[in-house]
Amino acid sequence: MAPALHAAPLAAINKGDVAWMLTSTLLVLMMSIPGVALFYGGLVRAKNVLSVMMQVLTVLALVLLLWTAYGYSLTFSGGGAFIGNFDKAFLDGISASSQASGLPEYLYFSFQATFAGISCALIVGALAERMKFGAVLAFTVLWFTFAYVPVAHMVWAPSGWLHTLGALDFAGGTVVHVNAGMAGLVGAALLGPRMDMGRTAMRPHNLPLAMVGAALLWVGWFGFNAGSALSANATAALAFVDTLLATAAGVLAWLGAEAVFRKRPSMLGGISGVIAGLVGITPACGNVGPLGAIAIGALASLACLWGVNGLKRLLRVDDALDAFGIHAVGGIAGALLTGIFSVSALGGNGGNGFGMLHQFGIQALAVVITLAWSALVALLAGLLVKWVYGLRVSDEHEREGLDTTVHGERAYDD
């Protein structure tokens, strides 16, 4: 993602760029509501569909206000290497005439707000079906403040430590997916497995609903990736075509592997391949060529297939909807492969001075820093919420389902 933010002398605003970025912001918002809500809602059991949708909706709303209060300022103002300052807290100093990265600053603020919102919403998938509603919100506040904001600053702010080292993360492979996926894994480990896990099938209750959510995510992701060019330009077009092709490759790679090893390609596998391909290409989409995007989509999809099967069995953590197995694993694969396929010999735009091994090392460092920091913050945040409020609903409420016991509603009539 092109970093913001120097409040340089005002220049003429390109109306085409503004129109595209307004559209991109709406597309990214659609990824959370209804995209993630429908995708996650279809994957849980019928007795918990409203609860997970409520968590996605409320987390998004909460983070949008936190972004306004201090998140935007700490991410994109000030010259610190690890965190910004409060100069723009509560949008202080921002007006209809101020600009950031060649856009009206209100628009830049809004676009980045949707990234913060969906990052926190993704964590919900790992915690589904057994976490207290209030605990989800408290955990979100702490993780957003102490994990998302510093990582976003380090990677995207001009003065950020990882940005100055040259880490490539065009649209959020580390900032969004690795960061959120790691938090989900730690949160799920602190919660413990769902009741009867391993003894009762935990099948998705409505795969068509999840399919609709995945389709909305694919469409919305063009705003996520192509919008990260911050302009209606050739880089946006490159990110657009890379997102299109990598996702197609992700679907076919996942289904092909299922056909070979399980003899039956599944709908769940197909939509998982959609998300895996999207996650994988996210850090690379503005830097690699179309053929590189196809390779990244396919390889990331296969990595995620292993992540939700072999790796999940090794970790023995009930990551309910595979936030870690797809988002973290796919984000790691994409971030590392960005360092390879950005080289000009493979169709990337790294240029003649681009060193593949050097860039791969920087990408690996960014991944390790993100994993470690997100894990530490999630652990401390989870332990604090558990001590103050408690993390998990009662056995009785979990058995009956969170829709009725927490929200007093039912998704379906008998």
# chains A, B, ... in the order shown; residues from 1 in each chain; ligands from 1
>>> residues_around(residues="Ala295 of chain A", least_positions_apart="4", cutoff="8 Å", atoms="only C-alpha atoms", output="PyMOL selection string")
chain A and resi 246+249+291+299
>>> write_last_selection(atoms="all heavy atoms", output="short mmCIF file (atom, residue, chain, number, x, y, z; two decimals), in the first residue's frame")
data_model
loop_
_atom_site.label_atom_id
_atom_site.label_comp_id
_atom_site.auth_asym_id
_atom_site.auth_seq_id
_atom_site.Cartn_x
_atom_site.Cartn_y
_atom_site.Cartn_z
N ALA A 246 -5.15 -14.56 -9.40
CA ALA A 246 -4.67 -15.31 -8.24
C ALA A 246 -5.81 -16.05 -7.56
O ALA A 246 -5.65 -17.20 -7.10
CB ALA A 246 -3.99 -14.38 -7.25
N ALA A 249 -6.75 -19.08 -9.56
CA ALA A 249 -5.75 -20.14 -9.34
C ALA A 249 -5.93 -20.77 -7.97
O ALA A 249 -5.76 -21.99 -7.81
CB ALA A 249 -4.35 -19.55 -9.48
N LEU A 291 1.34 -13.58 -14.30
CA LEU A 291 1.76 -14.97 -14.17
C LEU A 291 2.28 -15.25 -12.76
O LEU A 291 2.05 -16.32 -12.20
CB LEU A 291 2.80 -15.32 -15.22
CG LEU A 291 2.31 -15.23 -16.68
CD1 LEU A 291 3.42 -15.68 -17.63
CD2 LEU A 291 1.05 -16.06 -16.89
N LEU A 299 0.00 -21.43 -4.97
CA LEU A 299 0.87 -21.87 -3.87
C LEU A 299 0.29 -21.49 -2.51
O LEU A 299 0.34 -22.28 -1.55
CB LEU A 299 2.26 -21.26 -4.05
CG LEU A 299 3.06 -21.78 -5.24
CD1 LEU A 299 4.33 -20.95 -5.43
CD2 LEU A 299 3.40 -23.25 -5.08
#
>>> select_by_dssp(residues="segment 125-183 of chain A", states="alpha helix (DSSP H)", output="PyMOL selection string")
chain A and resi 125-127+133-143+149-156+161-165+179-183
>>> residues_around(residues="Asp92 of chain A", least_positions_apart="2", cutoff="12 Å", atoms="only C-alpha atoms", output="count of residues only")
17
>>> residues_around(residues="segment 18-24 of chain A", least_positions_apart="2", cutoff="6 Å", atoms="only C-alpha atoms", output="list in words")
Lys15, Gly16, Leu26, Leu27, Gly223 and Gly227 of chain A
>>> closest_residue(among="A:Trp218, A:Phe82, A:Phe224, A:Tyr389", to="Ser159 of chain A", atoms="only C-alpha atoms")
A:Phe82
>>> closest_residue(among="A:Ile340, A:Leu74, A:Ala167, A:Leu107", to="Pro150 of chain A", atoms="only C-alpha atoms")
A:Leu74
>>> closest_residue(among="A:Cys120, A:Val49, A:Ile281, A:Leu103", to="Gly331 of chain A", atoms="only C-alpha atoms")
A:Ile281
>>> closest_residue(among="A:Gly41, A:Leu142, A:Ala300, A:Ser101", to="Ser228 of chain A", atoms="only C-alpha atoms")
A:Ser101
>>> residues_around(residues="Gly173 of chain A", least_positions_apart="5", cutoff="7 Å", atoms="only C-alpha atoms", output="PyMOL selection string")
chain A and resi 178+279+282-283+331+334-335
>>> write_last_selection(atoms="N, CA, C and O atoms", output="short mmCIF file (atom, residue, chain, number, x, y, z; two decimals), in the first residue's frame")
data_model
loop_
_atom_site.label_atom_id
_atom_site.label_comp_id
_atom_site.auth_asym_id
_atom_site.auth_seq_id
_atom_site.Cartn_x
_atom_site.Cartn_y
_atom_site.Cartn_z
N VAL A 178 -1.81 -11.76 8.44
CA VAL A 178 -0.91 -12.41 9.41
C VAL A 178 -1.22 -11.93 10.81
O VAL A 178 -1.30 -12.71 11.77
N VAL A 279 -6.08 -13.87 -0.06
CA VAL A 279 -5.13 -13.53 1.00
C VAL A 279 -3.70 -13.58 0.47
O VAL A 279 -2.88 -12.69 0.73
N THR A 282 -2.68 -10.55 -1.71
CA THR A 282 -2.85 -9.22 -1.13
C THR A 282 -1.54 -8.45 -0.94
O THR A 282 -1.45 -7.29 -1.34
N PRO A 283 -0.49 -9.02 -0.36
CA PRO A 283 0.73 -8.22 -0.19
C PRO A 283 1.49 -7.98 -1.50
O PRO A 283 2.33 -7.08 -1.57
N GLY A 331 -1.33 -15.36 4.43
CA GLY A 331 -0.61 -14.10 4.47
C GLY A 331 0.90 -14.30 4.53
O GLY A 331 1.66 -13.56 3.89
N GLY A 334 1.98 -15.43 1.04
CA GLY A 334 1.96 -14.31 0.11
C GLY A 334 3.07 -13.31 0.36
O GLY A 334 3.69 -12.81 -0.59
N ALA A 335 3.32 -13.01 1.63
CA ALA A 335 4.37 -12.06 1.96
C ALA A 335 5.74 -12.55 1.52
O ALA A 335 6.55 -11.80 0.95
#
>>> closest_residue(among="A:Ala257, A:Ala214, A:Ala180, A:Leu66", to="Tyr40 of chain A", atoms="only C-alpha atoms")
A:Ala214
>>> closest_residue(among="A:Leu305, A:Val385, A:Gly134, A:Leu209", to="Gly35 of chain A", atoms="only C-alpha atoms")
A:Leu209
>>> residues_around(residues="segment 51-62 of chain A", least_positions_apart="2", cutoff="7 Å", atoms="only C-alpha atoms", output="tab-separated table (two decimals) with all heavy atoms, in the first residue's frame")
chain	number	residue	atom	x	y	z
A	33	ILE	N	-19.31	-6.23	6.09
A	33	ILE	CA	-20.77	-6.28	6.14
A	33	ILE	C	-21.28	-6.06	4.73
A	33	ILE	O	-21.18	-4.94	4.21
A	33	ILE	CB	-21.34	-5.19	7.08
A	33	ILE	CG1	-20.76	-5.33	8.47
A	33	ILE	CG2	-22.85	-5.23	7.10
A	33	ILE	CD1	-21.18	-6.62	9.18
A	37	ALA	N	-19.55	-11.44	7.47
A	37	ALA	CA	-20.67	-11.87	8.31
A	37	ALA	C	-21.40	-13.07	7.69
A	37	ALA	O	-21.71	-14.05	8.37
A	37	ALA	CB	-21.64	-10.70	8.52
A	40	TYR	N	-18.80	-16.25	7.58
A	40	TYR	CA	-18.69	-16.88	8.89
A	40	TYR	C	-20.03	-17.43	9.37
A	40	TYR	O	-20.11	-18.51	9.97
A	40	TYR	CB	-18.17	-15.87	9.92
A	40	TYR	CG	-16.68	-15.62	9.89
A	40	TYR	CD1	-16.11	-14.61	10.67
A	40	TYR	CD2	-15.82	-16.39	9.11
A	40	TYR	CE1	-14.74	-14.39	10.66
A	40	TYR	CE2	-14.45	-16.17	9.10
A	40	TYR	CZ	-13.92	-15.16	9.87
A	40	TYR	OH	-12.56	-14.94	9.88
A	41	GLY	N	-21.12	-16.69	9.10
A	41	GLY	CA	-22.43	-17.14	9.54
A	41	GLY	C	-22.82	-18.48	8.94
A	41	GLY	O	-23.43	-19.32	9.61
A	48	ASN	N	-25.74	-20.76	16.29
A	48	ASN	CA	-24.79	-19.67	16.56
A	48	ASN	C	-24.63	-18.68	15.40
A	48	ASN	O	-23.76	-17.80	15.46
A	48	ASN	CB	-23.41	-20.26	16.89
A	48	ASN	CG	-23.40	-21.03	18.18
A	48	ASN	OD1	-23.90	-20.56	19.20
A	48	ASN	ND2	-22.86	-22.25	18.16
A	49	VAL	N	-25.47	-18.80	14.38
A	49	VAL	CA	-25.27	-17.96	13.19
A	49	VAL	C	-25.46	-16.48	13.51
A	49	VAL	O	-24.68	-15.63	13.06
A	49	VAL	CB	-26.20	-18.43	12.05
A	49	VAL	CG1	-27.66	-18.44	12.45
A	49	VAL	CG2	-26.01	-17.54	10.81
A	64	LEU	N	-14.39	1.31	13.98
A	64	LEU	CA	-14.52	2.56	13.23
A	64	LEU	C	-14.44	3.76	14.16
A	64	LEU	O	-13.83	4.79	13.83
A	64	LEU	CB	-15.82	2.58	12.44
A	64	LEU	CG	-15.93	1.58	11.27
A	64	LEU	CD1	-17.29	1.69	10.61
A	64	LEU	CD2	-14.82	1.78	10.25
A	65	LEU	N	-15.04	3.66	15.34
A	65	LEU	CA	-14.99	4.76	16.29
A	65	LEU	C	-13.62	4.86	16.97
A	65	LEU	O	-13.12	5.96	17.22
A	65	LEU	CB	-16.10	4.62	17.32
A	65	LEU	CG	-17.53	4.72	16.76
A	65	LEU	CD1	-18.55	4.63	17.88
A	65	LEU	CD2	-17.72	6.00	15.97
A	66	LEU	N	-13.00	3.71	17.26
A	66	LEU	CA	-11.65	3.74	17.82
A	66	LEU	C	-10.66	4.33	16.81
A	66	LEU	O	-9.73	5.05	17.19
A	66	LEU	CB	-11.21	2.32	18.21
A	66	LEU	CG	-11.99	1.64	19.32
A	66	LEU	CD1	-11.48	0.22	19.52
A	66	LEU	CD2	-11.91	2.42	20.63
A	117	GLY	N	-11.18	-2.11	10.42
A	117	GLY	CA	-12.40	-2.80	10.82
A	117	GLY	C	-12.41	-4.26	10.42
A	117	GLY	O	-12.72	-5.14	11.22
A	118	ILE	N	-12.04	-4.56	9.17
A	118	ILE	CA	-12.10	-5.95	8.74
A	118	ILE	C	-11.00	-6.78	9.40
A	118	ILE	O	-11.18	-7.97	9.66
A	118	ILE	CB	-12.02	-6.07	7.20
A	118	ILE	CG1	-12.48	-7.46	6.77
A	118	ILE	CG2	-10.63	-5.74	6.67
A	118	ILE	CD1	-12.64	-7.62	5.27
A	120	CYS	N	-10.00	-6.64	12.49
A	120	CYS	CA	-10.52	-7.09	13.78
A	120	CYS	C	-11.68	-8.06	13.60
A	120	CYS	O	-11.84	-9.00	14.39
A	120	CYS	CB	-10.94	-5.89	14.61
A	120	CYS	SG	-9.56	-4.81	15.07
A	121	ALA	N	-12.50	-7.85	12.56
A	121	ALA	CA	-13.63	-8.75	12.33
A	121	ALA	C	-13.16	-10.16	11.97
A	121	ALA	O	-13.83	-11.14	12.29
A	121	ALA	CB	-14.52	-8.18	11.22
A	124	VAL	N	-12.85	-12.84	14.75
A	124	VAL	CA	-14.08	-13.45	15.26
A	124	VAL	C	-14.19	-14.91	14.84
A	124	VAL	O	-14.68	-15.76	15.60
A	124	VAL	CB	-15.30	-12.64	14.77
A	124	VAL	CG1	-16.60	-13.40	14.99
A	124	VAL	CG2	-15.35	-11.28	15.46
A	128	ALA	N	-15.31	-18.25	17.45
A	128	ALA	CA	-16.75	-18.43	17.28
A	128	ALA	C	-17.31	-19.53	18.17
A	128	ALA	O	-16.62	-20.49	18.51
A	128	ALA	CB	-17.05	-18.75	15.81
A	137	LEU	N	-15.60	-7.89	22.50
A	137	LEU	CA	-15.43	-6.45	22.33
A	137	LEU	C	-14.24	-5.93	23.12
A	137	LEU	O	-13.46	-5.10	22.61
A	137	LEU	CB	-16.70	-5.72	22.74
A	137	LEU	CG	-17.98	-6.09	21.97
A	137	LEU	CD1	-19.14	-5.22	22.42
A	137	LEU	CD2	-17.77	-5.99	20.47
A	402	LEU	N	-25.56	-19.61	21.23
A	402	LEU	CA	-25.42	-18.23	21.65
A	402	LEU	C	-26.51	-17.32	21.08
A	402	LEU	O	-26.75	-16.23	21.61
A	402	LEU	CB	-24.04	-17.70	21.24
A	402	LEU	CG	-22.83	-18.50	21.75
A	402	LEU	CD1	-21.55	-17.73	21.45
A	402	LEU	CD2	-22.94	-18.81	23.21
A	403	ASP	N	-27.17	-17.76	20.02
A	403	ASP	CA	-28.22	-16.91	19.46
A	403	ASP	C	-29.31	-16.64	20.48
A	403	ASP	O	-29.73	-15.49	20.69
A	403	ASP	CB	-28.83	-17.57	18.22
A	403	ASP	CG	-27.90	-17.56	17.03
A	403	ASP	OD1	-26.76	-17.06	17.16
A	403	ASP	OD2	-28.30	-18.05	15.96
>>> atom_distance(atom1="atom CA of Ala229 of chain A", atom2="atom CA of Phe144 of chain A")
24.1 Å
>>> residues_around(residues="Met195 of chain A", least_positions_apart="5", cutoff="12 Å", atoms="only C-alpha atoms", output="list in words")
Glu129, Arg130, Thr200, Ala201, Met202, Asp318, Ala320, Arg392, Val393, Ser394, Asp395, Glu396, His397, Glu398, Arg399, Glu400 and Gly401 of chain A
>>> write_last_selection(atoms="N, CA, C and O atoms", output="PDB file, in the first residue's frame")
ATOM      1  N   GLU A 129     -18.553 -19.353  18.543  1.00  0.00           N
ATOM      2  CA  GLU A 129     -19.422 -20.338  19.181  1.00  0.00           C
ATOM      3  C   GLU A 129     -19.162 -20.565  20.666  1.00  0.00           C
ATOM      4  O   GLU A 129     -19.822 -21.397  21.266  1.00  0.00           O
ATOM      5  N   ARG A 130     -18.244 -19.802  21.277  1.00  0.00           N
ATOM      6  CA  ARG A 130     -18.051 -20.039  22.721  1.00  0.00           C
ATOM      7  C   ARG A 130     -17.529 -18.844  23.496  1.00  0.00           C
ATOM      8  O   ARG A 130     -17.306 -18.927  24.694  1.00  0.00           O
ATOM      9  N   THR A 200     -18.277 -34.736  18.227  1.00  0.00           N
ATOM     10  CA  THR A 200     -19.450 -34.379  17.434  1.00  0.00           C
ATOM     11  C   THR A 200     -19.010 -33.583  16.217  1.00  0.00           C
ATOM     12  O   THR A 200     -18.128 -32.723  16.319  1.00  0.00           O
ATOM     13  N   ALA A 201     -19.618 -33.874  15.086  1.00  0.00           N
ATOM     14  CA  ALA A 201     -19.270 -33.141  13.861  1.00  0.00           C
ATOM     15  C   ALA A 201     -19.659 -31.671  14.007  1.00  0.00           C
ATOM     16  O   ALA A 201     -20.741 -31.343  14.479  1.00  0.00           O
ATOM     17  N   MET A 202     -18.758 -30.782  13.641  1.00  0.00           N
ATOM     18  CA  MET A 202     -19.005 -29.337  13.690  1.00  0.00           C
ATOM     19  C   MET A 202     -19.165 -28.827  12.254  1.00  0.00           C
ATOM     20  O   MET A 202     -18.407 -27.989  11.774  1.00  0.00           O
ATOM     21  N   ASP A 318      -8.537 -25.202  18.621  1.00  0.00           N
ATOM     22  CA  ASP A 318      -9.828 -25.138  17.939  1.00  0.00           C
ATOM     23  C   ASP A 318     -10.049 -23.744  17.361  1.00  0.00           C
ATOM     24  O   ASP A 318     -10.816 -22.938  17.897  1.00  0.00           O
ATOM     25  N   ALA A 320     -11.964 -22.113  15.197  1.00  0.00           N
ATOM     26  CA  ALA A 320     -13.246 -22.616  14.716  1.00  0.00           C
ATOM     27  C   ALA A 320     -13.421 -22.496  13.209  1.00  0.00           C
ATOM     28  O   ALA A 320     -13.814 -23.450  12.537  1.00  0.00           O
ATOM     29  N   ARG A 392     -15.297 -17.063  28.420  1.00  0.00           N
ATOM     30  CA  ARG A 392     -16.142 -18.091  27.819  1.00  0.00           C
ATOM     31  C   ARG A 392     -17.535 -18.114  28.432  1.00  0.00           C
ATOM     32  O   ARG A 392     -17.709 -17.908  29.633  1.00  0.00           O
ATOM     33  N   VAL A 393     -18.526 -18.388  27.584  1.00  0.00           N
ATOM     34  CA  VAL A 393     -19.885 -18.538  28.076  1.00  0.00           C
ATOM     35  C   VAL A 393     -19.989 -19.823  28.891  1.00  0.00           C
ATOM     36  O   VAL A 393     -19.112 -20.691  28.837  1.00  0.00           O
ATOM     37  N   SER A 394     -21.063 -19.963  29.626  1.00  0.00           N
ATOM     38  CA  SER A 394     -21.262 -21.164  30.432  1.00  0.00           C
ATOM     39  C   SER A 394     -21.520 -22.372  29.534  1.00  0.00           C
ATOM     40  O   SER A 394     -21.927 -22.237  28.375  1.00  0.00           O
ATOM     41  N   ASP A 395     -21.308 -23.556  30.093  1.00  0.00           N
ATOM     42  CA  ASP A 395     -21.569 -24.788  29.333  1.00  0.00           C
ATOM     43  C   ASP A 395     -23.023 -24.855  28.879  1.00  0.00           C
ATOM     44  O   ASP A 395     -23.318 -25.289  27.760  1.00  0.00           O
ATOM     45  N   GLU A 396     -23.917 -24.420  29.743  1.00  0.00           N
ATOM     46  CA  GLU A 396     -25.339 -24.453  29.398  1.00  0.00           C
ATOM     47  C   GLU A 396     -25.639 -23.544  28.213  1.00  0.00           C
ATOM     48  O   GLU A 396     -26.355 -23.921  27.275  1.00  0.00           O
ATOM     49  N   HIS A 397     -25.083 -22.351  28.224  1.00  0.00           N
ATOM     50  CA  HIS A 397     -25.310 -21.424  27.122  1.00  0.00           C
ATOM     51  C   HIS A 397     -24.661 -21.924  25.837  1.00  0.00           C
ATOM     52  O   HIS A 397     -25.251 -21.782  24.758  1.00  0.00           O
ATOM     53  N   GLU A 398     -23.487 -22.493  25.940  1.00  0.00           N
ATOM     54  CA  GLU A 398     -22.827 -23.007  24.748  1.00  0.00           C
ATOM     55  C   GLU A 398     -23.604 -24.169  24.154  1.00  0.00           C
ATOM     56  O   GLU A 398     -23.744 -24.290  22.932  1.00  0.00           O
ATOM     57  N   ARG A 399     -24.137 -25.022  25.020  1.00  0.00           N
ATOM     58  CA  ARG A 399     -24.894 -26.182  24.544  1.00  0.00           C
ATOM     59  C   ARG A 399     -26.172 -25.741  23.837  1.00  0.00           C
ATOM     60  O   ARG A 399     -26.538 -26.272  22.797  1.00  0.00           O
ATOM     61  N   GLU A 400     -26.862 -24.759  24.398  1.00  0.00           N
ATOM     62  CA  GLU A 400     -28.109 -24.292  23.805  1.00  0.00           C
ATOM     63  C   GLU A 400     -27.857 -23.446  22.564  1.00  0.00           C
ATOM     64  O   GLU A 400     -28.664 -23.423  21.629  1.00  0.00           O
ATOM     65  N   GLY A 401     -26.744 -22.733  22.524  1.00  0.00           N
ATOM     66  CA  GLY A 401     -26.418 -21.868  21.395  1.00  0.00           C
ATOM     67  C   GLY A 401     -26.462 -20.410  21.800  1.00  0.00           C
ATOM     68  O   GLY A 401     -27.295 -19.994  22.611  1.00  0.00           O
TER      69      GLY A 401
END
>>> atom_distance(atom1="atom CA of Gly184 of chain A", atom2="atom CA of Thr404 of chain A")
24.4 Å
>>> atom_distance(atom1="atom CA of Leu165 of chain A", atom2="atom CA of Ser342 of chain A")
16.2 Å
>>> select_by_dssp(residues="segment 74-300 of chain A", states="strand (DSSP E)", output="VMD selection string")
chain A and resid 99 to 100 103 to 104
>>> decode(residues="segment 77-160 of chain A", atoms="C-alpha atoms", output="PDB file, in the first residue's frame")
ATOM      1  CA  SER A  77       0.777  11.017  12.109  1.00  0.00           C
ATOM      2  CA  GLY A  78       4.148  11.690  13.696  1.00  0.00           C
ATOM      3  CA  GLY A  79       7.577  10.471  12.688  1.00  0.00           C
ATOM      4  CA  GLY A  80       8.153   7.575  15.067  1.00  0.00           C
ATOM      5  CA  ALA A  81       9.562   4.262  13.925  1.00  0.00           C
ATOM      6  CA  PHE A  82       7.114   2.141  15.914  1.00  0.00           C
ATOM      7  CA  ILE A  83       4.076   4.329  16.597  1.00  0.00           C
ATOM      8  CA  GLY A  84       2.711   7.735  15.646  1.00  0.00           C
ATOM      9  CA  ASN A  85       1.328  10.445  17.896  1.00  0.00           C
ATOM     10  CA  PHE A  86      -2.004  11.989  18.884  1.00  0.00           C
ATOM     11  CA  ASP A  87      -1.776  15.070  16.646  1.00  0.00           C
ATOM     12  CA  LYS A  88      -4.838  13.951  14.660  1.00  0.00           C
ATOM     13  CA  ALA A  89      -6.793  12.310  17.483  1.00  0.00           C
ATOM     14  CA  PHE A  90     -10.532  12.742  16.988  1.00  0.00           C
ATOM     15  CA  LEU A  91      -9.647  14.046  13.494  1.00  0.00           C
ATOM     16  CA  ASP A  92      -8.109  17.177  14.934  1.00  0.00           C
ATOM     17  CA  GLY A  93      -6.832  19.434  12.177  1.00  0.00           C
ATOM     18  CA  ILE A  94      -8.569  17.505   9.393  1.00  0.00           C
ATOM     19  CA  SER A  95     -11.055  19.390   7.266  1.00  0.00           C
ATOM     20  CA  ALA A  96     -12.752  19.197   3.905  1.00  0.00           C
ATOM     21  CA  SER A  97      -9.744  20.969   2.384  1.00  0.00           C
ATOM     22  CA  SER A  98      -6.943  18.838   3.893  1.00  0.00           C
ATOM     23  CA  GLN A  99      -5.270  16.176   1.800  1.00  0.00           C
ATOM     24  CA  ALA A 100      -3.401  12.893   2.287  1.00  0.00           C
ATOM     25  CA  SER A 101      -1.675  10.983  -0.509  1.00  0.00           C
ATOM     26  CA  GLY A 102      -3.340  13.160  -3.123  1.00  0.00           C
ATOM     27  CA  LEU A 103      -6.835  12.487  -1.781  1.00  0.00           C
ATOM     28  CA  PRO A 104      -9.199  14.414   0.457  1.00  0.00           C
ATOM     29  CA  GLU A 105      -8.014  13.363   3.908  1.00  0.00           C
ATOM     30  CA  TYR A 106     -11.504  12.390   4.992  1.00  0.00           C
ATOM     31  CA  LEU A 107     -11.495   9.867   2.154  1.00  0.00           C
ATOM     32  CA  TYR A 108      -8.055   8.509   3.027  1.00  0.00           C
ATOM     33  CA  PHE A 109      -9.136   8.248   6.654  1.00  0.00           C
ATOM     34  CA  SER A 110     -12.286   6.348   5.670  1.00  0.00           C
ATOM     35  CA  PHE A 111     -10.460   3.937   3.357  1.00  0.00           C
ATOM     36  CA  GLN A 112      -7.959   3.042   6.048  1.00  0.00           C
ATOM     37  CA  ALA A 113     -10.770   2.739   8.615  1.00  0.00           C
ATOM     38  CA  THR A 114     -12.309  -0.110   6.642  1.00  0.00           C
ATOM     39  CA  PHE A 115      -8.981  -1.975   6.721  1.00  0.00           C
ATOM     40  CA  ALA A 116      -8.800  -1.679  10.492  1.00  0.00           C
ATOM     41  CA  GLY A 117     -12.398  -2.802  10.818  1.00  0.00           C
ATOM     42  CA  ILE A 118     -12.095  -5.949   8.735  1.00  0.00           C
ATOM     43  CA  SER A 119      -8.805  -6.909  10.404  1.00  0.00           C
ATOM     44  CA  CYS A 120     -10.518  -7.091  13.775  1.00  0.00           C
ATOM     45  CA  ALA A 121     -13.627  -8.750  12.326  1.00  0.00           C
ATOM     46  CA  LEU A 122     -11.534 -11.598  10.890  1.00  0.00           C
ATOM     47  CA  ILE A 123     -10.461 -12.638  14.406  1.00  0.00           C
ATOM     48  CA  VAL A 124     -14.076 -13.447  15.257  1.00  0.00           C
ATOM     49  CA  GLY A 125     -13.857 -16.608  13.143  1.00  0.00           C
ATOM     50  CA  ALA A 126     -11.311 -18.210  15.435  1.00  0.00           C
ATOM     51  CA  LEU A 127     -13.332 -17.438  18.574  1.00  0.00           C
ATOM     52  CA  ALA A 128     -16.751 -18.426  17.276  1.00  0.00           C
ATOM     53  CA  GLU A 129     -19.422 -20.338  19.181  1.00  0.00           C
ATOM     54  CA  ARG A 130     -18.051 -20.039  22.721  1.00  0.00           C
ATOM     55  CA  MET A 131     -16.774 -16.554  23.614  1.00  0.00           C
ATOM     56  CA  LYS A 132     -18.742 -13.995  25.608  1.00  0.00           C
ATOM     57  CA  PHE A 133     -19.998 -11.082  23.530  1.00  0.00           C
ATOM     58  CA  GLY A 134     -18.527  -8.513  25.930  1.00  0.00           C
ATOM     59  CA  ALA A 135     -15.222 -10.372  25.981  1.00  0.00           C
ATOM     60  CA  VAL A 136     -15.016 -10.211  22.187  1.00  0.00           C
ATOM     61  CA  LEU A 137     -15.426  -6.450  22.328  1.00  0.00           C
ATOM     62  CA  ALA A 138     -12.944  -5.945  25.167  1.00  0.00           C
ATOM     63  CA  PHE A 139     -10.370  -8.139  23.411  1.00  0.00           C
ATOM     64  CA  THR A 140     -10.920  -6.159  20.204  1.00  0.00           C
ATOM     65  CA  VAL A 141     -10.201  -2.828  21.901  1.00  0.00           C
ATOM     66  CA  LEU A 142      -6.934  -4.081  23.367  1.00  0.00           C
ATOM     67  CA  TRP A 143      -5.703  -5.913  20.267  1.00  0.00           C
ATOM     68  CA  PHE A 144      -6.610  -3.068  17.920  1.00  0.00           C
ATOM     69  CA  THR A 145      -4.825  -0.536  20.119  1.00  0.00           C
ATOM     70  CA  PHE A 146      -1.639  -2.436  20.853  1.00  0.00           C
ATOM     71  CA  ALA A 147      -1.268  -4.752  17.833  1.00  0.00           C
ATOM     72  CA  TYR A 148      -3.053  -3.497  14.736  1.00  0.00           C
ATOM     73  CA  VAL A 149      -2.100   0.159  15.101  1.00  0.00           C
ATOM     74  CA  PRO A 150       1.652  -0.355  15.737  1.00  0.00           C
ATOM     75  CA  VAL A 151       2.022  -2.958  12.976  1.00  0.00           C
ATOM     76  CA  ALA A 152       0.161  -0.764  10.483  1.00  0.00           C
ATOM     77  CA  HIS A 153       2.393   2.156  11.440  1.00  0.00           C
ATOM     78  CA  MET A 154       5.598   0.128  11.131  1.00  0.00           C
ATOM     79  CA  VAL A 155       4.661  -1.207   7.688  1.00  0.00           C
ATOM     80  CA  TRP A 156       2.744   1.665   6.046  1.00  0.00           C
ATOM     81  CA  ALA A 157       3.742   4.959   7.644  1.00  0.00           C
ATOM     82  CA  PRO A 158       6.663   6.694   5.869  1.00  0.00           C
ATOM     83  CA  SER A 159       8.707   6.675   9.085  1.00  0.00           C
ATOM     84  CA  GLY A 160       7.698   3.137  10.104  1.00  0.00           C
TER      85      GLY A 160
END
